[in-house]
>>> print(open('model-v2.txt').read())   # compact mmCIF, C-alpha atoms
# COMPACT_ATOMS: atom_id res chain seq x y z
CA MET A 16 53.78 -7.22 -14.51
CA THR A 17 53.96 -10.78 -15.82
CA SER A 18 51.10 -13.08 -16.55
CA GLU A 19 50.97 -16.13 -14.29
CA ALA A 20 48.34 -18.56 -15.52
CA ASN A 21 48.18 -22.15 -14.21
CA PHE A 22 46.70 -24.65 -16.67
CA PRO A 23 45.24 -28.04 -15.67
CA ASP A 24 46.37 -31.42 -16.98
CA GLY A 25 49.45 -30.02 -18.64
CA ALA A 26 47.46 -27.92 -21.13
CA GLN A 27 49.45 -25.19 -22.83
CA PRO A 28 48.28 -21.65 -23.43
CA ALA A 29 46.53 -21.04 -26.71
CA PRO A 30 48.39 -18.75 -29.10
CA ALA A 31 47.70 -15.12 -28.32
CA ARG A 32 45.31 -13.44 -30.70
CA THR A 33 44.34 -9.85 -31.19
CA LEU A 34 40.96 -8.22 -31.58
CA GLY A 35 39.43 -9.29 -34.90
CA THR A 36 36.49 -8.16 -37.00
CA ARG A 37 34.04 -10.36 -35.11
CA ASP A 38 35.35 -9.06 -31.77
CA TYR A 39 34.78 -5.47 -32.86
CA LYS A 40 31.30 -6.37 -34.06
CA THR A 41 30.53 -8.08 -30.76
CA LEU A 42 31.85 -5.14 -28.73
CA GLY A 43 30.03 -2.61 -30.89
CA LEU A 44 26.62 -4.28 -30.83
CA SER A 45 26.91 -5.20 -27.14
CA ALA A 46 27.94 -1.70 -26.13
CA LEU A 47 25.22 -0.10 -28.26
CA GLY A 48 22.57 -2.33 -26.76
CA GLY A 49 23.89 -1.64 -23.27
CA THR A 50 23.81 2.09 -23.94
CA LEU A 51 20.18 2.03 -25.04
CA GLU A 52 19.06 -0.31 -22.26
CA PHE A 53 20.76 1.61 -19.47
CA TYR A 54 19.41 4.85 -20.93
CA ASP A 55 15.92 3.37 -20.59
CA PHE A 56 16.61 2.48 -16.97
CA VAL A 57 18.14 5.76 -15.77
CA ILE A 58 16.18 8.37 -17.72
CA TYR A 59 13.68 8.21 -14.86
CA VAL A 60 16.10 9.83 -12.43
CA PHE A 61 16.77 12.83 -14.67
CA PHE A 62 13.07 13.69 -14.54
CA ALA A 63 12.52 12.66 -10.92
CA THR A 64 11.44 16.16 -9.87
CA VAL A 65 8.89 16.39 -12.70
CA LEU A 66 7.61 12.85 -12.15
CA GLY A 67 7.19 13.52 -8.43
CA ALA A 68 4.97 16.50 -9.17
CA LEU A 69 2.90 14.62 -11.78
CA PHE A 70 2.43 11.22 -10.18
CA PHE A 71 1.76 12.21 -6.55
CA PRO A 72 -0.75 14.57 -4.86
CA THR A 73 0.10 18.26 -5.18
CA ASP A 74 -0.54 18.91 -1.47
CA MET A 75 2.11 16.38 -0.38
CA PRO A 76 5.24 17.89 1.28
CA ASP A 77 8.07 18.24 -1.21
CA TRP A 78 10.53 16.06 0.75
CA LEU A 79 7.95 13.27 1.05
CA ARG A 80 7.10 13.49 -2.65
CA GLN A 81 10.79 13.16 -3.50
CA LEU A 82 11.15 10.29 -1.06
CA GLN A 83 8.29 8.39 -2.72
CA THR A 84 9.58 9.22 -6.19
CA PHE A 85 13.00 7.79 -5.34
CA GLY A 86 11.24 4.91 -3.61
CA ILE A 87 9.75 3.92 -6.97
CA PHE A 88 13.23 4.38 -8.46
CA ALA A 89 14.54 2.02 -5.78
CA ALA A 90 11.88 -0.56 -6.66
CA GLY A 91 13.62 -1.03 -9.98
CA TYR A 92 16.76 -2.04 -8.12
CA LEU A 93 14.91 -4.30 -5.72
CA ALA A 94 13.49 -6.23 -8.68
CA ARG A 95 16.93 -6.85 -10.15
CA PRO A 96 17.80 -10.06 -8.28
CA VAL A 97 14.70 -11.92 -9.46
CA GLY A 98 15.15 -10.96 -13.09
CA GLY A 99 18.90 -11.44 -12.91
CA ILE A 100 18.75 -14.90 -11.35
CA VAL A 101 16.05 -16.17 -13.73
CA ILE A 102 17.74 -14.80 -16.87
CA ALA A 103 21.18 -15.98 -15.71
CA HIS A 104 19.81 -19.45 -14.89
CA PHE A 105 18.66 -19.96 -18.46
CA GLY A 106 21.79 -18.23 -19.77
CA ASP A 107 23.98 -20.89 -18.12
CA ILE A 108 21.75 -23.67 -19.49
CA PHE A 109 20.56 -22.52 -22.92
CA GLY A 110 23.13 -19.94 -23.92
CA ARG A 111 24.24 -16.36 -23.32
CA LYS A 112 22.95 -14.88 -26.59
CA ARG A 113 19.26 -15.74 -26.16
CA MET A 114 19.01 -14.18 -22.72
CA PHE A 115 21.16 -11.24 -23.81
CA THR A 116 18.52 -10.42 -26.44
CA LEU A 117 15.52 -11.09 -24.19
CA SER A 118 16.71 -8.69 -21.48
CA ILE A 119 16.70 -5.66 -23.77
CA PHE A 120 13.16 -6.40 -24.97
CA LEU A 121 11.97 -6.59 -21.37
CA MET A 122 13.47 -3.12 -20.83
CA ALA A 123 12.22 -1.38 -23.98
CA ALA A 124 8.53 -2.23 -23.61
CA PRO A 125 8.01 -0.80 -20.05
CA THR A 126 9.99 2.32 -20.99
CA LEU A 127 7.60 2.98 -23.86
CA VAL A 128 4.63 2.43 -21.56
CA ILE A 129 5.97 4.95 -19.00
CA GLY A 130 6.07 7.57 -21.74
CA LEU A 131 2.36 6.97 -22.38
CA LEU A 132 1.11 6.71 -18.77
CA PRO A 133 -1.66 9.04 -17.52
CA THR A 134 -0.74 11.14 -14.47
CA TYR A 135 -2.20 11.42 -10.96
CA ALA A 136 -4.49 14.25 -12.08
CA SER A 137 -6.10 11.86 -14.59
CA ILE A 138 -6.41 8.53 -12.80
CA GLY A 139 -5.42 9.20 -9.18
CA VAL A 140 -3.53 6.62 -7.17
CA ALA A 141 -3.44 4.20 -10.12
CA ALA A 142 -0.82 6.46 -11.75
CA PRO A 143 2.02 5.86 -9.23
CA LEU A 144 1.04 2.18 -9.01
CA LEU A 145 1.40 1.75 -12.78
CA LEU A 146 4.67 3.67 -12.68
CA LEU A 147 5.87 1.31 -9.94
CA ALA A 148 4.89 -1.75 -11.99
CA MET A 149 6.87 -0.52 -15.01
CA ARG A 150 9.93 0.19 -12.85
CA VAL A 151 9.76 -3.35 -11.46
CA LEU A 152 9.78 -4.76 -14.99
CA GLN A 153 12.68 -2.51 -15.93
CA GLY A 154 14.57 -3.68 -12.86
CA ALA A 155 14.06 -7.33 -13.77
CA ALA A 156 15.41 -6.64 -17.26
CA ILE A 157 18.50 -4.70 -16.17
CA GLY A 158 19.25 -7.47 -13.67
CA GLY A 159 19.91 -9.83 -16.55
CA GLU A 160 21.41 -7.33 -18.97
CA MET A 161 24.50 -6.08 -17.17
CA PRO A 162 25.96 -9.37 -15.87
CA GLY A 163 24.96 -11.00 -19.16
CA ALA A 164 26.74 -8.34 -21.17
CA TRP A 165 29.93 -8.60 -19.13
CA VAL A 166 29.99 -12.40 -19.37
CA PHE A 167 29.16 -12.29 -23.08
CA VAL A 168 32.03 -9.94 -23.92
CA GLY A 169 34.46 -11.44 -21.40
CA GLU A 170 34.04 -14.85 -23.04
CA HIS A 171 34.45 -13.44 -26.55
CA VAL A 172 37.50 -11.17 -26.48
CA PRO A 173 41.16 -12.35 -26.55
CA ALA A 174 42.72 -12.98 -23.14
CA LYS A 175 45.19 -10.12 -23.50
CA ARG A 176 42.34 -7.71 -24.26
CA TYR A 177 40.02 -8.98 -21.52
CA GLY A 178 40.23 -5.82 -19.41
CA LEU A 179 39.88 -3.51 -22.39
CA GLY A 180 36.90 -5.46 -23.72
CA ILE A 181 34.98 -5.24 -20.47
CA GLY A 182 36.08 -1.64 -19.99
CA VAL A 183 34.74 -0.67 -23.42
CA LEU A 184 31.47 -2.48 -22.74
CA THR A 185 31.13 -0.78 -19.36
CA SER A 186 31.75 2.56 -21.03
CA GLY A 187 28.91 1.73 -23.42
CA ILE A 188 26.62 0.99 -20.50
CA THR A 189 27.58 4.21 -18.74
CA GLY A 190 27.13 5.88 -22.11
CA GLY A 191 23.44 5.23 -21.52
CA ILE A 192 23.65 7.59 -18.56
CA LEU A 193 25.42 10.13 -20.76
CA LEU A 194 22.73 9.80 -23.41
CA GLY A 195 20.05 10.27 -20.77
CA SER A 196 21.83 13.32 -19.41
CA LEU A 197 22.18 14.87 -22.87
CA ILE A 198 18.53 14.21 -23.69
CA ALA A 199 17.53 15.79 -20.37
CA VAL A 200 19.68 18.84 -21.13
CA ALA A 201 18.12 19.16 -24.57
CA ILE A 202 14.58 18.86 -23.21
CA ASN A 203 15.21 21.46 -20.50
CA ARG A 204 16.91 23.81 -22.97
CA HIS A 205 14.29 23.53 -25.70
CA TYR A 206 11.13 23.55 -23.60
CA SER A 207 9.95 25.78 -20.77
CA PRO A 208 9.37 24.21 -17.32
CA GLU A 209 5.63 24.33 -17.99
CA GLN A 210 6.02 22.51 -21.31
CA VAL A 211 8.26 19.88 -19.71
CA SER A 212 5.61 19.18 -17.07
CA ASP A 213 2.85 19.23 -19.66
CA PHE A 214 4.16 16.87 -22.34
CA ALA A 215 7.93 17.10 -23.02
CA TRP A 216 8.88 14.73 -20.17
CA ARG A 217 7.28 11.92 -22.19
CA ILE A 218 9.63 12.35 -25.17
CA PRO A 219 12.75 10.65 -23.70
CA PHE A 220 10.75 7.63 -22.52
CA ILE A 221 9.05 7.14 -25.90
CA LEU A 222 12.38 7.53 -27.72
CA GLY A 223 14.02 5.05 -25.36
CA GLY A 224 11.31 2.46 -25.91
CA VAL A 225 11.48 2.75 -29.70
CA PHE A 226 15.28 2.63 -29.92
CA GLY A 227 15.35 -0.24 -27.43
CA LEU A 228 13.18 -2.30 -29.77
CA VAL A 229 15.59 -1.48 -32.60
CA SER A 230 18.43 -2.82 -30.45
CA VAL A 231 16.53 -6.09 -30.00
CA TYR A 232 16.69 -6.53 -33.77
CA LEU A 233 20.39 -5.66 -33.93
CA ARG A 234 21.32 -8.29 -31.36
CA ARG A 235 20.10 -10.97 -33.75
CA PHE A 236 23.46 -10.54 -35.50
CA LEU A 237 25.52 -11.54 -32.44
CA HIS A 238 27.04 -15.01 -32.09
CA GLU A 239 26.98 -17.32 -29.09
CA THR A 240 30.16 -17.12 -27.00
CA PRO A 241 32.91 -19.65 -27.78
CA VAL A 242 33.06 -20.56 -24.08
CA PHE A 243 29.41 -21.64 -23.97
CA ARG A 244 29.79 -23.54 -27.25
CA GLU A 245 32.76 -25.40 -25.77
CA LEU A 246 30.76 -26.21 -22.63
CA ALA A 247 27.86 -27.48 -24.71
CA ASP A 248 30.17 -29.60 -26.90
CA ARG A 249 31.74 -31.16 -23.79
CA ARG A 250 28.31 -31.43 -22.11
CA SER A 251 29.73 -29.33 -19.28
CA VAL A 252 26.71 -27.03 -19.15
CA ALA A 253 25.36 -26.79 -15.59
CA ARG A 254 23.20 -29.87 -14.93
CA GLU A 255 21.90 -28.97 -11.50
CA LEU A 256 20.37 -25.66 -10.60
CA PRO A 257 23.31 -23.27 -11.22
CA LEU A 258 22.43 -21.15 -8.17
CA ARG A 259 22.73 -24.20 -5.93
CA THR A 260 26.27 -24.79 -7.19
CA VAL A 261 27.16 -21.14 -6.66
CA LEU A 262 25.88 -21.09 -3.08
CA ARG A 263 27.59 -24.36 -2.22
CA GLU A 264 30.99 -23.89 -3.85
CA HIS A 265 31.52 -20.16 -4.48
CA ARG A 266 30.28 -18.32 -1.41
CA LEU A 267 33.55 -16.38 -0.95
CA ALA A 268 33.40 -15.15 -4.55
CA CYS A 269 29.80 -14.07 -3.99
CA VAL A 270 30.74 -12.02 -0.94
CA TYR A 271 33.67 -10.41 -2.71
CA VAL A 272 31.66 -9.45 -5.79
CA ALA A 273 28.79 -8.21 -3.60
CA LEU A 274 31.12 -5.89 -1.68
CA LEU A 275 32.67 -4.60 -4.91
CA THR A 276 29.16 -3.98 -6.22
CA TRP A 277 28.36 -1.91 -3.14
CA VAL A 278 31.30 0.32 -4.03
CA LEU A 279 30.15 0.53 -7.65
CA SER A 280 26.59 1.39 -6.62
CA ALA A 281 27.79 4.23 -4.41
CA ALA A 282 29.82 5.72 -7.25
CA ILE A 283 27.05 5.47 -9.86
CA VAL A 284 23.92 6.13 -7.81
CA VAL A 285 25.32 9.00 -5.74
CA VAL A 286 27.77 10.79 -8.02
CA VAL A 287 25.98 10.34 -11.33
CA LEU A 288 22.27 9.64 -10.76
CA TYR A 289 21.44 11.37 -7.48
CA THR A 290 23.65 14.45 -7.70
CA PRO A 291 21.71 16.39 -10.42
CA THR A 292 18.65 16.49 -8.13
CA TYR A 293 20.91 17.23 -5.14
CA LEU A 294 22.47 20.19 -6.94
CA GLN A 295 19.04 21.63 -7.69
CA LYS A 296 17.39 20.98 -4.34
CA VAL A 297 20.24 21.65 -1.89
CA HIS A 298 22.44 24.19 -3.68
CA HIS A 299 19.75 25.77 -5.90
CA ILE A 300 21.77 25.33 -9.07
CA PRO A 301 19.55 25.78 -12.18
CA ALA A 302 18.35 22.51 -13.69
CA ALA A 303 19.99 23.13 -17.05
CA MET A 304 23.40 23.87 -15.51
CA ALA A 305 23.18 20.88 -13.14
CA LEU A 306 22.37 18.57 -16.04
CA GLU A 307 25.14 20.00 -18.22
CA ALA A 308 27.70 19.48 -15.46
CA ASN A 309 26.34 15.97 -15.00
CA ALA A 310 26.74 15.30 -18.72
CA LEU A 311 30.41 16.30 -18.50
CA ALA A 312 30.95 14.03 -15.47
CA THR A 313 29.27 11.15 -17.28
CA LEU A 314 31.47 11.73 -20.32
CA THR A 315 34.62 11.56 -18.19
CA LEU A 316 33.17 8.48 -16.46
CA THR A 317 32.72 6.81 -19.85
CA LEU A 318 36.31 7.63 -20.81
CA GLY A 319 37.49 6.49 -17.37
CA CYS A 320 35.96 3.04 -17.88
CA VAL A 321 37.96 2.53 -21.09
CA LEU A 322 41.12 3.83 -19.42
CA ALA A 323 40.66 1.54 -16.41
CA GLY A 324 40.08 -1.51 -18.62
CA TRP A 325 43.13 -0.72 -20.76
CA ALA A 326 45.28 -0.20 -17.65
CA CYS A 327 44.16 -3.52 -16.13
CA ASP A 328 45.63 -5.33 -19.13
CA ARG A 329 48.89 -3.40 -18.74
CA ILE A 330 49.59 -3.07 -15.02
CA GLY A 331 47.07 -5.38 -13.34
CA THR A 332 43.63 -4.98 -11.80
CA ARG A 333 44.85 -4.49 -8.25
CA ILE A 334 47.01 -1.45 -9.01
CA VAL A 335 44.24 0.15 -11.05
CA MET A 336 41.77 -0.37 -8.19
CA LEU A 337 44.15 1.15 -5.63
CA ILE A 338 44.74 4.24 -7.76
CA GLY A 339 41.12 4.59 -8.84
CA TRP A 340 39.35 4.16 -5.51
CA GLY A 341 41.95 6.31 -3.75
CA GLY A 342 41.37 9.03 -6.33
CA LEU A 343 37.60 8.78 -5.89
CA PHE A 344 37.97 9.27 -2.13
CA VAL A 345 39.89 12.51 -2.62
CA THR A 346 37.89 13.97 -5.50
CA ALA A 347 34.52 13.24 -3.85
CA TYR A 348 35.37 15.59 -0.98
CA LEU A 349 36.90 18.09 -3.40
CA PHE A 350 33.66 18.21 -5.40
CA TYR A 351 30.98 18.21 -2.70
CA SER A 352 32.83 20.50 -0.27
CA GLY A 353 33.26 23.12 -3.02
CA LEU A 354 29.55 23.45 -3.86
CA PRO A 355 27.92 25.55 -5.10
CA GLY A 356 31.13 27.35 -6.14
CA THR A 357 31.35 28.97 -9.56
CA PRO A 358 30.19 27.42 -12.85
CA ALA A 359 33.86 26.79 -13.73
CA THR A 360 34.63 24.92 -10.49
CA LEU A 361 31.35 23.02 -10.70
CA PHE A 362 32.21 21.65 -14.14
CA TRP A 363 35.91 21.07 -13.41
CA HIS A 364 35.40 19.25 -10.11
CA TYR A 365 32.40 17.24 -11.32
CA GLY A 366 34.32 16.13 -14.42
CA LEU A 367 37.30 15.09 -12.29
CA VAL A 368 35.30 13.00 -9.86
CA GLY A 369 33.50 11.44 -12.84
CA LEU A 370 36.83 10.29 -14.27
CA PHE A 371 37.63 8.38 -11.08
CA VAL A 372 34.13 6.90 -11.01
CA GLY A 373 35.36 5.09 -14.15
CA THR A 374 37.17 2.74 -11.77
CA ILE A 375 33.85 0.86 -11.65
CA ALA A 376 35.08 -1.02 -14.73
CA THR A 377 37.35 -3.03 -12.41
CA VAL A 378 34.27 -4.52 -10.70
CA PRO A 379 33.14 -6.67 -13.66
CA ILE A 380 36.77 -7.28 -14.64
CA ALA A 381 37.32 -8.96 -11.27
CA GLY A 382 33.76 -10.26 -10.98
CA VAL A 383 33.44 -12.18 -14.25
CA ARG A 384 36.57 -14.24 -13.61
CA ALA A 385 35.55 -14.89 -9.98
CA PHE A 386 33.34 -17.78 -11.15
CA PRO A 387 34.02 -20.80 -13.41
CA ALA A 388 32.36 -20.92 -16.84
CA PRO A 389 29.53 -23.44 -16.10
CA VAL A 390 28.00 -21.14 -13.44
CA ARG A 391 29.65 -17.84 -14.36
CA PHE A 392 26.50 -16.02 -15.49
CA THR A 393 24.50 -17.13 -12.45
CA GLY A 394 27.28 -16.44 -9.95
CA LEU A 395 27.99 -12.94 -11.20
CA SER A 396 24.30 -12.10 -11.62
CA PHE A 397 23.35 -13.35 -8.16
CA ALA A 398 26.12 -11.55 -6.27
CA TYR A 399 25.92 -8.35 -8.32
CA ASN A 400 22.15 -7.99 -8.35
CA MET A 401 21.53 -8.93 -4.73
CA SER A 402 24.06 -6.34 -3.64
CA TYR A 403 22.80 -3.66 -6.02
CA ALA A 404 19.20 -4.30 -4.97
CA VAL A 405 20.03 -3.59 -1.35
CA PHE A 406 22.64 -0.84 -1.63
CA GLY A 407 21.81 0.76 -4.98
CA GLY A 408 18.08 0.78 -4.37
CA LEU A 409 18.18 2.14 -0.84
CA THR A 410 20.95 4.71 -1.35
CA PRO A 411 18.71 7.53 -2.71
CA VAL A 412 16.25 7.00 0.13
CA ILE A 413 19.04 6.98 2.75
CA LEU A 414 20.61 10.12 1.30
CA THR A 415 17.27 11.94 1.15
CA LEU A 416 16.82 11.32 4.88
CA TRP A 417 20.50 11.94 5.75
CA LEU A 418 20.45 15.29 3.97
CA GLN A 419 17.94 16.53 6.51
CA ARG A 420 20.89 16.55 8.95
CA ASP A 421 24.06 16.98 6.86
CA THR A 422 24.44 18.53 3.39
CA MET A 423 27.75 16.67 2.98
CA ALA A 424 26.05 13.28 3.21
CA PRO A 425 26.83 12.33 -0.43
CA ALA A 426 30.55 13.02 0.06
CA HIS A 427 30.74 10.97 3.25
CA TYR A 428 28.90 8.04 1.71
CA VAL A 429 31.03 7.93 -1.45
CA ALA A 430 34.28 8.35 0.50
CA VAL A 431 33.53 5.49 2.89
CA LEU A 432 32.72 3.16 0.01
CA ALA A 433 35.79 4.26 -1.94
CA ALA A 434 37.86 3.32 1.12
CA LEU A 435 36.16 -0.10 1.11
CA GLY A 436 37.08 -0.53 -2.56
CA PHE A 437 40.70 0.32 -1.73
CA LEU A 438 40.76 -2.38 0.96
CA LEU A 439 39.12 -4.96 -1.33
CA ALA A 440 41.89 -4.35 -3.86
CA LEU A 441 44.38 -5.69 -1.33
CA LEU A 442 42.69 -9.10 -1.18
CA PRO A 443 43.93 -11.98 -3.39
CA MET A 444 40.77 -12.16 -5.51
CA ALA A 445 41.56 -8.73 -6.99
CA ALA A 446 44.39 -10.32 -8.98
CA ARG A 447 43.29 -13.96 -9.17
CA GLY A 448 40.48 -15.65 -11.05
CA HIS A 449 39.27 -18.57 -13.11
CA ALA A 450 40.48 -18.76 -16.69
CA MET A 451 37.79 -17.67 -19.13
CA ARG A 452 38.20 -21.05 -20.84
CA ASP A 453 40.52 -24.04 -20.57
CA GLY A 454 44.03 -23.07 -21.63
CA VAL A 455 43.35 -19.35 -21.82
CA ALA A 456 44.44 -16.96 -19.10
CA PRO A 457 41.77 -14.52 -17.90
CA ALA A 458 43.87 -11.37 -17.86
CA ARG A 459 47.35 -10.03 -17.46
CA GLY A 460 48.58 -10.61 -13.94
CA ALA A 461 45.79 -13.08 -13.12
CA THR A 462 46.04 -16.73 -12.08
CA MET A 463 43.52 -19.50 -12.21
CA ALA A 464 41.81 -19.91 -8.87
CA ARG A 465 42.16 -23.30 -7.25
>>> encode(input="model-v2.txt", output="structure tokens")
Amino acid sequence: MTSEANFPDGAQPAPARTLGTRDYKTLGLSALGGTLEFYDFVIYVFFATVLGALFFPTDMPDWLRQLQTFGIFAAGYLARPVGGIVIAHFGDIFGRKRMFTLSIFLMAAPTLVIGLLPTYASIGVAAPLLLLAMRVLQGAAIGGEMPGAWVFVGEHVPAKRYGLGIGVLTSGITGGILLGSLIAVAINRHYSPEQVSDFAWRIPFILGGVFGLVSVYLRRFLHETPVFRELADRRSVARELPLRTVLREHRLACVYVALLTWVLSAAIVVVVLYTPTYLQKVHHIPAAMALEANALATLTLTLGCVLAGWACDRIGTRIVMLIGWGGLFVTAYLFYSGLPGTPATLFWHYGLVGLFVGTIATVPIAGVRAFPAPVRFTGLSFAYNMSYAVFGGLTPVILTLWLQRDTMAPAHYVAVLAALGFLLALLPMAARGHAMRDGVAPARGATMAR
């Protein structure tokens, strides 16, 4: 597939460059920070059953306790747009690096606090309220982190490695889920259920808070993106409120990215975050086995993100999306319809569906280049976070209610959204986008949007 970039005012493409030492440093530190920050955000879901028992009254019906526990989980998503828009606003005005560092600090501190919170037995209703407050702060932080990370890396890496760069970063972010899953497995293997409920559940939150603060320090060694420096030198930094520009001139891009995000949220929230609890509650699979299978699926997801990013540079984003979302549709039914099955089929099918969940890397690959540089951070953050707040936050609640009627609810939900992703791949924006900077094509097979 040939690259077809259109350059304004007769500008010629810059000479192609390969990944250099600074690029590897940027990718490494960005991915590490994303891993630790997303670990802080998702570790909650791996201990949802324990948290529900500790932070709500013991005489509450189990389904209602789980509903309220996931409701607090959802609150983190609902807070994402506010944090994302505010952080992105200043990122488009004052620079990507500063906000990139701030977001991880805003995640680490609440995570540490959660690990130290007293439970319902100690302080009553104040316990779930404090837990809710910390989740809101975490949501605000993650709202700025993920779009900021994608923009930061997308504007750093060479044009011909654009897909791979974002794919590697996305794998680092999903690596946070893997880390959370592995920590949860270790906690459940090393401690008895009574010990987990007594004190061991606090360990992963305290570790996450401490390592998150270490990551804040490490991000001091990152450099501002060349794209933002060019904008600042040309005084092309957004002069009006960036969100106003986005809503006036880039509404179609917002809708497209929002729909892609809905597909991404279904894949992550249902297959990776919700399913461990589903396996335990619906199919009575032991917690340790459910978490081990989830760790395998998250590992294949992480590898799938890198593979999807690499393939986008080789054969184009559209083809990768068609193959990936089509594969997710098929493997979702293969996995959920075969439960509980045997331990071998559980691990094999869960790992396979996890690999196709890696297609989520195509969402930021298409999303970052959907907006021009002066409002790129704000545009991506607004569309991504608004969509994730609605669909990602409400999905666990919807599934908890839907499961009262149909145990195949997760399969149906993922399959429908995978079909939507397949259809979105057919639209022009899947293969078209703004150049990451003047004279540099965004990706193989992409053209500058007019």
>>> closest_residue(input="model-v2.txt", among="A:Arg384, A:Arg329, A:His364, A:Lys296", to="Lys175 in chain A", atoms="only C-alpha atoms")
A:Arg329
>>> residues_around(input="model-v2.txt", residues="Ser196 in chain A", least_positions_apart="6", cutoff="7 Å", atoms="only C-alpha atoms", output="list of chain:residue names")
A:Phe61, A:Leu306, A:Asn309, A:Ala310
>>> atom_distance(input="model-v2.txt", atom1="CA of Gly227 in chain A", atom2="CA of Leu51 in chain A")
5.8 Å
>>> closest_residue(input="model-v2.txt", among="A:Val431, A:Ile129, A:Leu93, A:Leu279", to="Ala376 in chain A", atoms="only C-alpha atoms")
A:Leu279
>>> residues_around(input="model-v2.txt", residues="Val372 in chain A", least_positions_apart="2", cutoff="6 Å", atoms="all atoms listed in the file", output="MDAnalysis selection string")
chainID A and resid 282 316 369:370 374
>>> atom_distance(input="model-v2.txt", atom1="CA of Gly436 in chain A", atom2="CA of Val278 in chain A")
6.0 Å
>>> residues_near_point(input="model-v2.txt", point="(35.1, -1.7, -21.5)", cutoff="12 Å", atoms="all atoms listed in the file", output="PyMOL selection string")
chain A and resi 39+42-43+45-46+49+164-165+168-169+172+176-190+316-328+373-380
>>> closest_residue(input="model-v2.txt", among="A:Tyr403, A:Phe344, A:Phe53, A:Trp417", to="Gly223 in chain A", atoms="all atoms listed in the file")
A:Phe53
>>> closest_residue(input="model-v2.txt", among="A:Leu146, A:Leu395, A:Leu233, A:Val140", to="Tyr271 in chain A", atoms="all atoms listed in the file")
A:Leu395
>>> closest_residue(input="model-v2.txt", among="A:Ile192, A:Val412, A:Ala142, A:Leu314", to="Asp55 in chain A", atoms="only C-alpha atoms")
A:Ile192
>>> atom_distance(input="model-v2.txt", atom1="CA of Leu275 in chain A", atom2="CA of Asp421 in chain A")
26.0 Å
>>> residues_near_point(input="model-v2.txt", point="(13.6, 12.0, -16.1)", cutoff="9 Å", atoms="all atoms listed in the file", output="list of chain:residue names")
A:Val57, A:Ile58, A:Tyr59, A:Val60, A:Phe61, A:Phe62, A:Ala63, A:Thr64, A:Val65, A:Leu66, A:Gly195, A:Ser196, A:Ala199, A:Trp216, A:Arg217, A:Pro219, A:Phe220
>>> closest_residue(input="model-v2.txt", among="A:Leu147, A:Val270, A:Val128, A:Ile198", to="Ala303 in chain A", atoms="all atoms listed in the file")
A:Ile198
>>> residues_around(input="model-v2.txt", residues="Leu69 in chain A", least_positions_apart="6", cutoff="10 Å", atoms="only C-alpha atoms", output="PDB file with C-alpha atoms, keeping the file's coordinate frame")
ATOM      1  CA  ALA A  63      12.520  12.660 -10.920  1.00  0.00           C
ATOM      2  CA  PRO A 133      -1.660   9.040 -17.520  1.00  0.00           C
ATOM      3  CA  THR A 134      -0.740  11.140 -14.470  1.00  0.00           C
ATOM      4  CA  TYR A 135      -2.200  11.420 -10.960  1.00  0.00           C
ATOM      5  CA  ALA A 136      -4.490  14.250 -12.080  1.00  0.00           C
ATOM      6  CA  SER A 137      -6.100  11.860 -14.590  1.00  0.00           C
ATOM      7  CA  ALA A 142      -0.820   6.460 -11.750  1.00  0.00           C
ATOM      8  CA  PRO A 143       2.020   5.860  -9.230  1.00  0.00           C
ATOM      9  CA  SER A 212       5.610  19.180 -17.070  1.00  0.00           C
ATOM     10  CA  ASP A 213       2.850  19.230 -19.660  1.00  0.00           C
TER      11      ASP A 213
END
>>> residues_around(input="model-v2.txt", residues="His427 in chain A", least_positions_apart="2", cutoff="12 Å", atoms="all atoms listed in the file", output="list in words")
Ala281, Ala282, Val285, Val286, Leu343, Phe344, Val345, Thr346, Ala347, Tyr348, Leu349, Phe350, Tyr351, Ser352, Leu414, Trp417, Leu418, Asp421, Thr422, Met423, Ala424, Pro425, Val429, Ala430, Val431, Leu432, Ala433 and Ala434 of chain A
>>> residues_around(input="model-v2.txt", residues="Arg150 in chain A", least_positions_apart="4", cutoff="10 Å", atoms="all atoms listed in the file", output="MDAnalysis selection string")
chainID A and resid 56 59 87:94 122 125:126 129 144:146 154:156
